[in-house]
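Asker: Provided herewith is a single structure, encoded as structure tokens, for subsequent inquiry.
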Amino acid sequence: MIAAQHTSPATTAAASFRHAVLGHSPERLTEIYQDDVNMAVWRRQQSPPLLQEDARALLRAGGLSDHRVVLRAASDVDRALPGIAAYPHLAADLRLLTEMFCCLFDLRSCGLRMNALRSEMCPKFHIDHVPCRLICTYTGPATEWLPHEVVDRRRLGAGSQGLSDADSGLYPSPAAICQLAAGDVALLKGEQWAGNEGAGLVHRSPCVPDGETRLLLTLDFA
């Protein structure tokens, strides 16, 4: 279990340099508190098979297509997500990630969202106006992101002048686009993290191939 971090996010870091940290230990997630880190990723080498089986079974059952709830504790998962007990491995992982998220940021509650996606939810690269968000893709393609140093932030949003990401000049070439893997647990630092203004992680939803469904979990400060 990740120990709680009681240090407030730094407010003096310059936005001139940020990088992502990725590793196979959950302790990597604590590095989100470093001033020059805008994403921390626990790379689970592969999503555990029984967890994937539960996720696919949930999708086949048609449940939780867009479910949002505020959790007061990890134990709330079973109460707040109707029928989740039928998928014990998925329920256990949701409890684990909720407990880790609340412990890491010393939160008494958090916002949980589960989405079953057959198309892009946020197809253009963007930043989140939140302090920090946890994301985990259980099935299907995972989130795409751009390293801080390759992004021309003037081309985000209205700055794209209606052009696609590929044509706006936001990034130098398709080779600059990075992608998480199914099962990865990622913390994305947003624009509302003190000292991170102008340096929120730039990311987007991936294209979902025909016939596939992406099961996505996000956790936010409540």
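Labels used: A, B, ... for chains in the order of the structure tokens, numbers from 1 for residues in each chain, and numbers from 1 for ligands as shown.
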Which residues, written as a tab-separated table (two decimals) with all heavy atoms, in the first residue's frame, have at least one atom at most 10 Å from Pro48 (chain A), with only C-alpha atoms counted and residues fewer than 3 positions away on the same chain left out?

Answerer:
```
chain	number	residue	atom	x	y	z
A	44	ARG	N	1.45	-2.09	-14.72
A	44	ARG	CA	1.20	-3.49	-14.41
A	44	ARG	C	1.52	-4.25	-15.69
A	44	ARG	O	0.89	-4.02	-16.72
A	44	ARG	CB	-0.24	-3.67	-13.96
A	44	ARG	CG	-0.53	-2.86	-12.70
A	44	ARG	CD	-1.80	-3.29	-12.03
A	44	ARG	NE	-2.98	-2.61	-12.55
A	44	ARG	CZ	-4.18	-2.67	-11.97
A	44	ARG	NH1	-4.34	-3.37	-10.86
A	44	ARG	NH2	-5.21	-2.03	-12.50
A	45	GLN	N	2.49	-5.13	-15.65
A	45	GLN	CA	3.06	-5.70	-16.87
A	45	GLN	C	1.99	-6.22	-17.82
A	45	GLN	O	2.14	-6.17	-19.03
A	45	GLN	CB	4.07	-6.80	-16.51
A	45	GLN	CG	5.28	-6.22	-15.80
A	45	GLN	CD	6.34	-7.29	-15.56
A	45	GLN	OE1	6.09	-8.48	-15.73
A	45	GLN	NE2	7.51	-6.86	-15.13
A	51	LEU	N	-8.92	-10.36	-13.86
A	51	LEU	CA	-9.45	-9.01	-13.87
A	51	LEU	C	-10.01	-8.67	-15.25
A	51	LEU	O	-11.10	-8.11	-15.38
A	51	LEU	CB	-8.35	-8.03	-13.47
A	51	LEU	CG	-8.69	-6.54	-13.45
A	51	LEU	CD1	-9.87	-6.28	-12.53
A	51	LEU	CD2	-7.48	-5.73	-13.01
A	52	GLN	N	-9.28	-9.05	-16.30
A	52	GLN	CA	-9.78	-8.82	-17.65
A	52	GLN	C	-11.05	-9.61	-17.93
A	52	GLN	O	-11.97	-9.10	-18.58
A	52	GLN	CB	-8.70	-9.20	-18.67
A	52	GLN	CG	-7.58	-8.18	-18.78
A	52	GLN	CD	-6.78	-8.37	-20.05
A	52	GLN	OE1	-6.88	-9.40	-20.73
A	52	GLN	NE2	-5.98	-7.38	-20.40
A	53	GLU	N	-11.11	-10.84	-17.43
A	53	GLU	CA	-12.31	-11.65	-17.62
A	53	GLU	C	-13.52	-10.97	-16.98
A	53	GLU	O	-14.61	-10.92	-17.57
A	53	GLU	CB	-12.10	-13.04	-17.03
A	53	GLU	CG	-11.17	-13.93	-17.85
A	53	GLU	CD	-10.99	-15.29	-17.21
A	53	GLU	OE1	-11.82	-15.66	-16.35
A	53	GLU	OE2	-10.02	-15.99	-17.57
A	89	HIS	N	-13.11	-9.85	-8.95
A	89	HIS	CA	-11.74	-9.38	-9.21
A	89	HIS	C	-11.74	-7.91	-9.62
A	89	HIS	O	-10.87	-7.14	-9.21
A	89	HIS	CB	-11.09	-10.26	-10.29
A	89	HIS	CG	-11.07	-11.71	-9.94
A	89	HIS	ND1	-10.18	-12.23	-9.02
A	89	HIS	CD2	-11.85	-12.74	-10.36
A	89	HIS	CE1	-10.41	-13.53	-8.90
A	89	HIS	NE2	-11.41	-13.86	-9.70
A	138	TYR	N	-9.29	-0.85	-18.53
A	138	TYR	CA	-9.32	-2.28	-18.25
A	138	TYR	C	-9.35	-3.12	-19.53
A	138	TYR	O	-8.73	-4.19	-19.59
A	138	TYR	CB	-10.53	-2.62	-17.38
A	138	TYR	CG	-10.35	-2.21	-15.95
A	138	TYR	CD1	-11.09	-1.16	-15.41
A	138	TYR	CD2	-9.44	-2.86	-15.11
A	138	TYR	CE1	-10.94	-0.78	-14.08
A	138	TYR	CE2	-9.28	-2.47	-13.80
A	138	TYR	CZ	-10.03	-1.44	-13.28
A	138	TYR	OH	-9.86	-1.05	-11.98
A	183	GLY	N	-4.50	-1.84	-18.26
A	183	GLY	CA	-4.02	-2.26	-16.95
A	183	GLY	C	-3.13	-1.25	-16.26
A	183	GLY	O	-2.98	-1.29	-15.04
```

Asker: Could you pull the residues within 12 Å of Ala175 (chain A), counting only C-alpha atoms, minus those fewer than 3 positions along the same chain, as a PDB file with N, CA, C and O atoms, in the first residue's frame?

Answerer:
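Once written, around06.pdb looks like this:
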```pdb
ATOM      1  N   GLU A 144      -3.811   8.068 -24.983  1.00  0.00           N
ATOM      2  CA  GLU A 144      -2.643   8.591 -25.695  1.00  0.00           C
ATOM      3  C   GLU A 144      -2.202   9.897 -25.035  1.00  0.00           C
ATOM      4  O   GLU A 144      -3.029  10.668 -24.542  1.00  0.00           O
ATOM      5  N   TRP A 145      -0.886  10.167 -25.041  1.00  0.00           N
ATOM      6  CA  TRP A 145      -0.383  11.382 -24.400  1.00  0.00           C
ATOM      7  C   TRP A 145       0.852  11.895 -25.124  1.00  0.00           C
ATOM      8  O   TRP A 145       1.471  11.178 -25.918  1.00  0.00           O
ATOM      9  N   LEU A 146       1.181  13.146 -24.845  1.00  0.00           N
ATOM     10  CA  LEU A 146       2.326  13.794 -25.475  1.00  0.00           C
ATOM     11  C   LEU A 146       3.339  14.227 -24.419  1.00  0.00           C
ATOM     12  O   LEU A 146       2.959  14.822 -23.410  1.00  0.00           O
ATOM     13  N   PRO A 147       4.622  13.951 -24.636  1.00  0.00           N
ATOM     14  CA  PRO A 147       5.651  14.473 -23.742  1.00  0.00           C
ATOM     15  C   PRO A 147       5.607  15.997 -23.728  1.00  0.00           C
ATOM     16  O   PRO A 147       5.353  16.641 -24.753  1.00  0.00           O
ATOM     17  N   VAL A 150       7.450  18.317 -26.417  1.00  0.00           N
ATOM     18  CA  VAL A 150       7.121  18.324 -27.854  1.00  0.00           C
ATOM     19  C   VAL A 150       5.867  19.129 -28.157  1.00  0.00           C
ATOM     20  O   VAL A 150       5.523  19.318 -29.321  1.00  0.00           O
ATOM     21  N   ALA A 166      -3.411  16.507 -35.992  1.00  0.00           N
ATOM     22  CA  ALA A 166      -2.323  16.175 -36.908  1.00  0.00           C
ATOM     23  C   ALA A 166      -1.920  17.355 -37.774  1.00  0.00           C
ATOM     24  O   ALA A 166      -0.767  17.456 -38.202  1.00  0.00           O
ATOM     25  N   TYR A 171       1.964  19.000 -32.311  1.00  0.00           N
ATOM     26  CA  TYR A 171       3.121  18.136 -32.066  1.00  0.00           C
ATOM     27  C   TYR A 171       3.864  17.944 -33.384  1.00  0.00           C
ATOM     28  O   TYR A 171       3.291  18.114 -34.470  1.00  0.00           O
ATOM     29  N   PRO A 172       5.143  17.591 -33.336  1.00  0.00           N
ATOM     30  CA  PRO A 172       5.955  17.597 -34.556  1.00  0.00           C
ATOM     31  C   PRO A 172       5.645  16.486 -35.541  1.00  0.00           C
ATOM     32  O   PRO A 172       5.752  16.681 -36.755  1.00  0.00           O
ATOM     33  N   CYS A 178       2.650   9.099 -27.494  1.00  0.00           N
ATOM     34  CA  CYS A 178       2.866   7.937 -26.625  1.00  0.00           C
ATOM     35  C   CYS A 178       1.510   7.376 -26.206  1.00  0.00           C
ATOM     36  O   CYS A 178       0.486   8.056 -26.298  1.00  0.00           O
ATOM     37  N   GLN A 179       1.509   6.132 -25.731  1.00  0.00           N
ATOM     38  CA  GLN A 179       0.240   5.508 -25.340  1.00  0.00           C
ATOM     39  C   GLN A 179       0.452   4.606 -24.136  1.00  0.00           C
ATOM     40  O   GLN A 179       1.434   3.868 -24.047  1.00  0.00           O
TER      41      GLN A 179
END
```

Asker: Hey, what's within 10 Å of Arg28 (chain A) if we count only C-alpha atoms and toss same-chain stuff fewer than 6 positions away? As a PyMOL selection string, please?

Answerer: chain A and resi 2+21-22+40-43+186-187

Asker: Those residues you just picked out, can you put them in a file as a PDB file, in the first residue's frame with N, CA, C and O atoms?

Answerer:
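Below is the file part.pdb, written as the result:
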```pdb
ATOM      1  N   ILE A   2       0.472   2.256  -0.733  1.00  0.00           N
ATOM      2  CA  ILE A   2       1.217   3.498  -0.788  1.00  0.00           C
ATOM      3  C   ILE A   2       0.922   4.314   0.458  1.00  0.00           C
ATOM      4  O   ILE A   2      -0.229   4.504   0.846  1.00  0.00           O
ATOM      5  N   VAL A  21       7.007   9.721 -15.286  1.00  0.00           N
ATOM      6  CA  VAL A  21       7.762   8.621 -14.686  1.00  0.00           C
ATOM      7  C   VAL A  21       6.911   7.368 -14.787  1.00  0.00           C
ATOM      8  O   VAL A  21       5.716   7.391 -14.516  1.00  0.00           O
ATOM      9  N   LEU A  22       7.532   6.269 -15.226  1.00  0.00           N
ATOM     10  CA  LEU A  22       6.827   5.011 -15.426  1.00  0.00           C
ATOM     11  C   LEU A  22       7.639   3.888 -14.809  1.00  0.00           C
ATOM     12  O   LEU A  22       8.870   3.871 -14.931  1.00  0.00           O
ATOM     13  N   ALA A  40       2.581  10.130 -13.479  1.00  0.00           N
ATOM     14  CA  ALA A  40       3.231   8.986 -12.836  1.00  0.00           C
ATOM     15  C   ALA A  40       2.417   7.738 -13.164  1.00  0.00           C
ATOM     16  O   ALA A  40       1.185   7.745 -13.032  1.00  0.00           O
ATOM     17  N   VAL A  41       3.108   6.680 -13.597  1.00  0.00           N
ATOM     18  CA  VAL A  41       2.416   5.489 -14.092  1.00  0.00           C
ATOM     19  C   VAL A  41       2.945   4.237 -13.408  1.00  0.00           C
ATOM     20  O   VAL A  41       4.159   3.998 -13.381  1.00  0.00           O
ATOM     21  N   TRP A  42       2.025   3.469 -12.863  1.00  0.00           N
ATOM     22  CA  TRP A  42       2.328   2.120 -12.376  1.00  0.00           C
ATOM     23  C   TRP A  42       1.997   1.179 -13.530  1.00  0.00           C
ATOM     24  O   TRP A  42       0.838   0.979 -13.868  1.00  0.00           O
ATOM     25  N   ARG A  43       3.031   0.631 -14.156  1.00  0.00           N
ATOM     26  CA  ARG A  43       2.857  -0.241 -15.308  1.00  0.00           C
ATOM     27  C   ARG A  43       2.684  -1.672 -14.833  1.00  0.00           C
ATOM     28  O   ARG A  43       3.657  -2.368 -14.559  1.00  0.00           O
ATOM     29  N   ALA A 186      -2.430   5.282 -14.050  1.00  0.00           N
ATOM     30  CA  ALA A 186      -1.729   6.538 -14.306  1.00  0.00           C
ATOM     31  C   ALA A 186      -2.351   7.676 -13.518  1.00  0.00           C
ATOM     32  O   ALA A 186      -3.580   7.785 -13.414  1.00  0.00           O
ATOM     33  N   LEU A 187      -1.489   8.520 -12.960  1.00  0.00           N
ATOM     34  CA  LEU A 187      -1.900   9.774 -12.346  1.00  0.00           C
ATOM     35  C   LEU A 187      -1.503  10.902 -13.277  1.00  0.00           C
ATOM     36  O   LEU A 187      -0.315  11.071 -13.592  1.00  0.00           O
TER      37      LEU A 187
END
```

Asker: May I ask which of the residues A:Ser164, A:Ser109, A:Thr30, A:Asn38 is the closest one to Leu219 (chain A), counting only C-alpha atoms?

Answerer: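 Checking each of A:Ser164, A:Ser109, A:Thr30, A:Asn38 against Leu219 (chain A), counting only C-alpha atoms, the winner is A:Ser109.
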
Asker: In region 14-154 of chain A, what's helix (DSSP H, G or I) per DSSP? Answer as an mmCIF file with N, CA, C and O atoms, in the first residue's frame?

Answerer:
```cif
data_model
loop_
_atom_site.group_PDB
_atom_site.id
_atom_site.type_symbol
_atom_site.label_atom_id
_atom_site.label_comp_id
_atom_site.auth_asym_id
_atom_site.auth_seq_id
_atom_site.Cartn_x
_atom_site.Cartn_y
_atom_site.Cartn_z
ATOM 1 N N PRO A 26 4.023 0.083 -7.632
ATOM 2 C CA PRO A 26 3.012 1.108 -7.324
ATOM 3 C C PRO A 26 3.604 2.330 -6.639
ATOM 4 O O PRO A 26 3.009 3.411 -6.673
ATOM 5 N N GLU A 27 4.792 2.193 -6.025
ATOM 6 C CA GLU A 27 5.424 3.338 -5.383
ATOM 7 C C GLU A 27 5.764 4.440 -6.382
ATOM 8 O O GLU A 27 5.966 5.596 -5.997
ATOM 9 N N ARG A 28 5.827 4.087 -7.661
ATOM 10 C CA ARG A 28 6.071 5.108 -8.676
ATOM 11 C C ARG A 28 5.023 6.223 -8.619
ATOM 12 O O ARG A 28 5.291 7.384 -8.967
ATOM 13 N N LEU A 29 3.812 5.875 -8.196
ATOM 14 C CA LEU A 29 2.737 6.863 -8.168
ATOM 15 C C LEU A 29 3.031 8.007 -7.200
ATOM 16 O O LEU A 29 2.550 9.126 -7.388
ATOM 17 N N THR A 30 3.817 7.765 -6.165
ATOM 18 C CA THR A 30 4.127 8.826 -5.202
ATOM 19 C C THR A 30 4.969 9.929 -5.830
ATOM 20 O O THR A 30 5.028 11.047 -5.308
ATOM 21 N N GLU A 31 5.609 9.631 -6.962
ATOM 22 C CA GLU A 31 6.465 10.632 -7.603
ATOM 23 C C GLU A 31 5.673 11.752 -8.257
ATOM 24 O O GLU A 31 6.245 12.733 -8.735
ATOM 25 N N ILE A 32 4.342 11.637 -8.275
ATOM 26 C CA ILE A 32 3.512 12.722 -8.784
ATOM 27 C C ILE A 32 3.728 13.986 -7.965
ATOM 28 O O ILE A 32 3.479 15.105 -8.437
ATOM 29 N N TYR A 33 4.223 13.851 -6.737
ATOM 30 C CA TYR A 33 4.475 15.020 -5.886
ATOM 31 C C TYR A 33 5.735 15.773 -6.285
ATOM 32 O O TYR A 33 5.966 16.875 -5.786
ATOM 33 N N PRO A 49 -5.294 -11.704 -15.831
ATOM 34 C CA PRO A 49 -6.315 -12.374 -16.653
ATOM 35 C C PRO A 49 -7.696 -12.411 -16.010
ATOM 36 O O PRO A 49 -8.703 -12.180 -16.693
ATOM 37 N N LEU A 50 -7.767 -12.722 -14.708
ATOM 38 C CA LEU A 50 -9.080 -12.796 -14.065
ATOM 39 C C LEU A 50 -9.736 -11.421 -14.002
ATOM 40 O O LEU A 50 -10.967 -11.303 -14.104
ATOM 41 N N LEU A 51 -8.925 -10.364 -13.862
ATOM 42 C CA LEU A 51 -9.454 -9.007 -13.871
ATOM 43 C C LEU A 51 -10.010 -8.671 -15.253
ATOM 44 O O LEU A 51 -11.101 -8.105 -15.376
ATOM 45 N N GLN A 52 -9.284 -9.055 -16.296
ATOM 46 C CA GLN A 52 -9.775 -8.821 -17.655
ATOM 47 C C GLN A 52 -11.054 -9.606 -17.929
ATOM 48 O O GLN A 52 -11.971 -9.105 -18.584
ATOM 49 N N GLU A 53 -11.106 -10.838 -17.431
ATOM 50 C CA GLU A 53 -12.308 -11.647 -17.624
ATOM 51 C C GLU A 53 -13.516 -10.970 -16.980
ATOM 52 O O GLU A 53 -14.608 -10.918 -17.569
ATOM 53 N N ASP A 54 -13.330 -10.449 -15.770
ATOM 54 C CA ASP A 54 -14.428 -9.745 -15.099
ATOM 55 C C ASP A 54 -14.849 -8.504 -15.886
ATOM 56 O O ASP A 54 -16.048 -8.217 -16.027
ATOM 57 N N ALA A 55 -13.868 -7.757 -16.385
ATOM 58 C CA ALA A 55 -14.180 -6.540 -17.131
ATOM 59 C C ALA A 55 -14.974 -6.867 -18.389
ATOM 60 O O ALA A 55 -15.967 -6.194 -18.713
ATOM 61 N N ARG A 56 -14.570 -7.917 -19.100
ATOM 62 C CA ARG A 56 -15.292 -8.298 -20.317
ATOM 63 C C ARG A 56 -16.697 -8.818 -20.000
ATOM 64 O O ARG A 56 -17.649 -8.556 -20.740
ATOM 65 N N ALA A 57 -16.811 -9.552 -18.896
ATOM 66 C CA ALA A 57 -18.127 -10.057 -18.502
ATOM 67 C C ALA A 57 -19.062 -8.904 -18.147
ATOM 68 O O ALA A 57 -20.255 -8.922 -18.483
ATOM 69 N N LEU A 58 -18.526 -7.874 -17.480
ATOM 70 C CA LEU A 58 -19.329 -6.697 -17.160
ATOM 71 C C LEU A 58 -19.817 -6.021 -18.433
ATOM 72 O O LEU A 58 -20.991 -5.626 -18.540
ATOM 73 N N LEU A 59 -18.942 -5.904 -19.421
ATOM 74 C CA LEU A 59 -19.338 -5.280 -20.692
ATOM 75 C C LEU A 59 -20.405 -6.106 -21.411
ATOM 76 O O LEU A 59 -21.354 -5.555 -21.966
ATOM 77 N N ARG A 60 -20.242 -7.420 -21.392
ATOM 78 C CA ARG A 60 -21.246 -8.278 -22.046
ATOM 79 C C ARG A 60 -22.604 -8.128 -21.385
ATOM 80 O O ARG A 60 -23.646 -8.199 -22.046
ATOM 81 N N ALA A 61 -22.598 -7.895 -20.073
ATOM 82 C CA ALA A 61 -23.854 -7.742 -19.341
ATOM 83 C C ALA A 61 -24.494 -6.379 -19.570
ATOM 84 O O ALA A 61 -25.657 -6.163 -19.214
ATOM 85 N N ASP A 76 -17.172 1.623 -0.114
ATOM 86 C CA ASP A 76 -18.391 2.094 -0.763
ATOM 87 C C ASP A 76 -18.571 1.526 -2.168
ATOM 88 O O ASP A 76 -19.642 1.640 -2.745
ATOM 89 N N VAL A 77 -17.505 0.964 -2.731
ATOM 90 C CA VAL A 77 -17.575 0.487 -4.116
ATOM 91 C C VAL A 77 -18.732 -0.480 -4.307
ATOM 92 O O VAL A 77 -19.523 -0.356 -5.241
ATOM 93 N N ASP A 78 -18.870 -1.449 -3.418
ATOM 94 C CA ASP A 78 -19.923 -2.461 -3.565
ATOM 95 C C ASP A 78 -21.310 -1.857 -3.431
ATOM 96 O O ASP A 78 -22.247 -2.281 -4.107
ATOM 97 N N ARG A 79 -21.447 -0.859 -2.568
ATOM 98 C CA ARG A 79 -22.751 -0.222 -2.393
ATOM 99 C C ARG A 79 -23.089 0.715 -3.540
ATOM 100 O O ARG A 79 -24.233 0.759 -4.016
ATOM 101 N N ALA A 80 -22.078 1.432 -4.032
ATOM 102 C CA ALA A 80 -22.328 2.490 -5.013
ATOM 103 C C ALA A 80 -22.431 1.984 -6.443
ATOM 104 O O ALA A 80 -23.001 2.664 -7.294
ATOM 105 N N ILE A 84 -21.798 -4.909 -8.885
ATOM 106 C CA ILE A 84 -20.352 -5.105 -9.066
ATOM 107 C C ILE A 84 -19.855 -6.339 -8.317
ATOM 108 O O ILE A 84 -18.829 -6.927 -8.676
ATOM 109 N N ALA A 85 -20.567 -6.763 -7.291
ATOM 110 C CA ALA A 85 -20.154 -7.945 -6.525
ATOM 111 C C ALA A 85 -20.109 -9.205 -7.387
ATOM 112 O O ALA A 85 -19.425 -10.171 -7.047
ATOM 113 N N ALA A 86 -20.813 -9.191 -8.511
ATOM 114 C CA ALA A 86 -20.796 -10.343 -9.418
ATOM 115 C C ALA A 86 -19.464 -10.456 -10.156
ATOM 116 O O ALA A 86 -19.213 -11.471 -10.816
ATOM 117 N N PRO A 88 -15.949 -10.175 -8.820
ATOM 118 C CA PRO A 88 -15.149 -9.960 -7.600
ATOM 119 C C PRO A 88 -13.744 -9.439 -7.855
ATOM 120 O O PRO A 88 -13.221 -8.652 -7.053
ATOM 121 N N HIS A 89 -13.109 -9.846 -8.946
ATOM 122 C CA HIS A 89 -11.739 -9.384 -9.214
ATOM 123 C C HIS A 89 -11.738 -7.909 -9.623
ATOM 124 O O HIS A 89 -10.866 -7.145 -9.206
ATOM 125 N N LEU A 90 -12.717 -7.515 -10.414
ATOM 126 C CA LEU A 90 -12.842 -6.111 -10.788
ATOM 127 C C LEU A 90 -13.214 -5.268 -9.569
ATOM 128 O O LEU A 90 -12.649 -4.187 -9.354
ATOM 129 N N ALA A 91 -14.151 -5.758 -8.761
ATOM 130 C CA ALA A 91 -14.541 -5.021 -7.553
ATOM 131 C C ALA A 91 -13.354 -4.830 -6.614
ATOM 132 O O ALA A 91 -13.156 -3.746 -6.047
ATOM 133 N N ALA A 92 -12.537 -5.869 -6.462
ATOM 134 C CA ALA A 92 -11.363 -5.767 -5.587
ATOM 135 C C ALA A 92 -10.373 -4.747 -6.122
ATOM 136 O O ALA A 92 -9.756 -3.992 -5.351
ATOM 137 N N ASP A 93 -10.213 -4.697 -7.448
ATOM 138 C CA ASP A 93 -9.279 -3.720 -8.025
ATOM 139 C C ASP A 93 -9.810 -2.300 -7.865
ATOM 140 O O ASP A 93 -9.035 -1.374 -7.577
ATOM 141 N N LEU A 94 -11.094 -2.107 -8.023
ATOM 142 C CA LEU A 94 -11.683 -0.786 -7.814
ATOM 143 C C LEU A 94 -11.491 -0.333 -6.366
ATOM 144 O O LEU A 94 -11.169 0.829 -6.107
ATOM 145 N N ARG A 95 -11.669 -1.255 -5.424
ATOM 146 C CA ARG A 95 -11.440 -0.904 -4.015
ATOM 147 C C ARG A 95 -9.982 -0.550 -3.775
ATOM 148 O O ARG A 95 -9.664 0.410 -3.064
ATOM 149 N N LEU A 96 -9.068 -1.340 -4.363
ATOM 150 C CA LEU A 96 -7.640 -1.085 -4.196
ATOM 151 C C LEU A 96 -7.260 0.290 -4.735
ATOM 152 O O LEU A 96 -6.591 1.078 -4.042
ATOM 153 N N LEU A 97 -7.663 0.607 -5.962
ATOM 154 C CA LEU A 97 -7.261 1.868 -6.570
ATOM 155 C C LEU A 97 -7.900 3.056 -5.856
ATOM 156 O O LEU A 97 -7.269 4.111 -5.704
ATOM 157 N N THR A 98 -9.143 2.887 -5.410
ATOM 158 C CA THR A 98 -9.796 3.954 -4.657
ATOM 159 C C THR A 98 -9.064 4.213 -3.341
ATOM 160 O O THR A 98 -8.814 5.365 -2.967
ATOM 161 N N GLU A 99 -8.698 3.146 -2.643
ATOM 162 C CA GLU A 99 -7.972 3.297 -1.381
ATOM 163 C C GLU A 99 -6.609 3.939 -1.607
ATOM 164 O O GLU A 99 -6.188 4.831 -0.848
ATOM 165 N N MET A 100 -5.897 3.515 -2.649
ATOM 166 C CA MET A 100 -4.592 4.095 -2.950
ATOM 167 C C MET A 100 -4.707 5.580 -3.271
ATOM 168 O O MET A 100 -3.911 6.402 -2.797
ATOM 169 N N PHE A 101 -5.699 5.937 -4.086
ATOM 170 C CA PHE A 101 -5.881 7.327 -4.499
ATOM 171 C C PHE A 101 -6.184 8.219 -3.288
ATOM 172 O O PHE A 101 -5.577 9.281 -3.126
ATOM 173 N N CYS A 102 -7.107 7.776 -2.453
ATOM 174 C CA CYS A 102 -7.475 8.578 -1.281
ATOM 175 C C CYS A 102 -6.326 8.657 -0.281
ATOM 176 O O CYS A 102 -6.102 9.706 0.341
ATOM 177 N N CYS A 103 -5.581 7.572 -0.123
ATOM 178 C CA CYS A 103 -4.448 7.564 0.799
ATOM 179 C C CYS A 103 -3.349 8.494 0.306
ATOM 180 O O CYS A 103 -2.797 9.294 1.068
ATOM 181 N N LEU A 104 -3.045 8.424 -0.974
ATOM 182 C CA LEU A 104 -1.956 9.218 -1.542
ATOM 183 C C LEU A 104 -2.213 10.709 -1.398
ATOM 184 O O LEU A 104 -1.295 11.486 -1.106
ATOM 185 N N HIS A 148 5.860 16.571 -22.568
ATOM 186 C CA HIS A 148 5.742 18.012 -22.368
ATOM 187 C C HIS A 148 6.562 18.806 -23.378
ATOM 188 O O HIS A 148 6.115 19.824 -23.918
ATOM 189 N N GLU A 149 7.781 18.325 -23.667
ATOM 190 C CA GLU A 149 8.712 19.120 -24.466
ATOM 191 C C GLU A 149 8.364 19.167 -25.955
ATOM 192 O O GLU A 149 8.906 20.001 -26.700
ATOM 193 N N VAL A 150 7.450 18.317 -26.417
ATOM 194 C CA VAL A 150 7.121 18.324 -27.854
ATOM 195 C C VAL A 150 5.867 19.129 -28.157
ATOM 196 O O VAL A 150 5.523 19.318 -29.321
ATOM 197 N N ARG A 153 1.674 24.410 -26.957
ATOM 198 C CA ARG A 153 0.411 24.606 -26.246
ATOM 199 C C ARG A 153 -0.449 25.709 -26.852
ATOM 200 O O ARG A 153 -1.643 25.793 -26.553
ATOM 201 N N ARG A 154 0.127 26.529 -27.681
ATOM 202 C CA ARG A 154 -0.674 27.554 -28.355
ATOM 203 C C ARG A 154 -1.692 26.907 -29.291
ATOM 204 O O ARG A 154 -2.662 27.560 -29.694
#
```

Asker: Near Met39 (chain A), within 6 Å and counting only C-alpha atoms, which residues show up once chain neighbours fewer than 5 positions away are dropped, as a PyMOL selection string?

Answerer: chain A and resi 20+187-189

Asker: Enumerate the residues of region 7-176 of chain A with a DSSP assignment of strand (DSSP E or B), computed from the backbone, and present them as a PyMOL selection string.

Answerer: chain A and resi 19-23+37-42+66-71+110-117+126+132-139+144-146

Asker: For the interface of region 76-120 of chain A with region 67-71 of chain A (cut-off 6 Å, counting only C-alpha atoms), please tabulate each contacting residue of region 76-120 of chain A alongside its nearest pair of atoms and their separation in Å to one decimal, rows sorted by chain and increasing number, as CSV.

Answerer:
```
residue,atom,partner,partner_atom,distance
A:Asp76,CA,A:Leu71,CA,5.8
A:Ser109,CA,A:Leu71,CA,5.4
A:Cys110,CA,A:Leu71,CA,5.4
A:Gly111,CA,A:Val70,CA,4.4
A:Leu112,CA,A:Val69,CA,5.4
A:Arg113,CA,A:Arg68,CA,4.4
A:Met114,CA,A:His67,CA,5.2
```

Asker: Which is closest to Asp167 (chain A) among A:His129, A:His203, A:His19, A:Lys124, if we use only C-alpha atoms?

Answerer: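 Counting only C-alpha atoms, the residue closest to Asp167 (chain A) is A:Lys124.
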
Asker: Please, what distance in Å, to one decimal, runs between CA of Val151 (chain A) and CA of Val202 (chain A)?

Answerer: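 Interatomic distance, CA of Val151 (chain A) to CA of Val202 (chain A): 8.0 Å.
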
Asker: Go through A:Ala182, A:Ala73, A:Ala176, A:Leu107 and flag the residue nearest Thr143 (chain A), using only C-alpha atoms for the distances.

Answerer: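 Under the stated criterion, the closest residue is A:Ala182.
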
Asker: Point out the residue among A:His126, A:Arg214, A:Arg204, A:His24 with the least atom-to-atom distance to Asp184 (chain A), counting only C-alpha atoms.

Answerer: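 Nearest to Asp184 (chain A): A:His24.
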
Asker: Between A:Gly23, A:Pro141, A:Arg133, A:Leu156, which residue has the minimum interatomic distance to Gly198 (chain A), considering only C-alpha atoms?

Answerer: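 The shortest atom-to-atom distance to Gly198 (chain A) comes from A:Leu156.
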
Asker: Closest to Cys136 (chain A) among A:Ser205, A:Ser25, A:Thr218, A:Ser16, using only C-alpha atoms?

Answerer: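 With only C-alpha atoms as the atom set, the closest residue is A:Thr218.
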
Asker: Neighbouring residues of Gly157 (chain A) were defined as those with any atom within 12 Å, considering only C-alpha atoms; residues of the same chain fewer than 2 positions away were excluded. Please report them as an MDAnalysis selection string.

Answerer: chainID A and resid 122:128 152:155 159:165 168 170 202
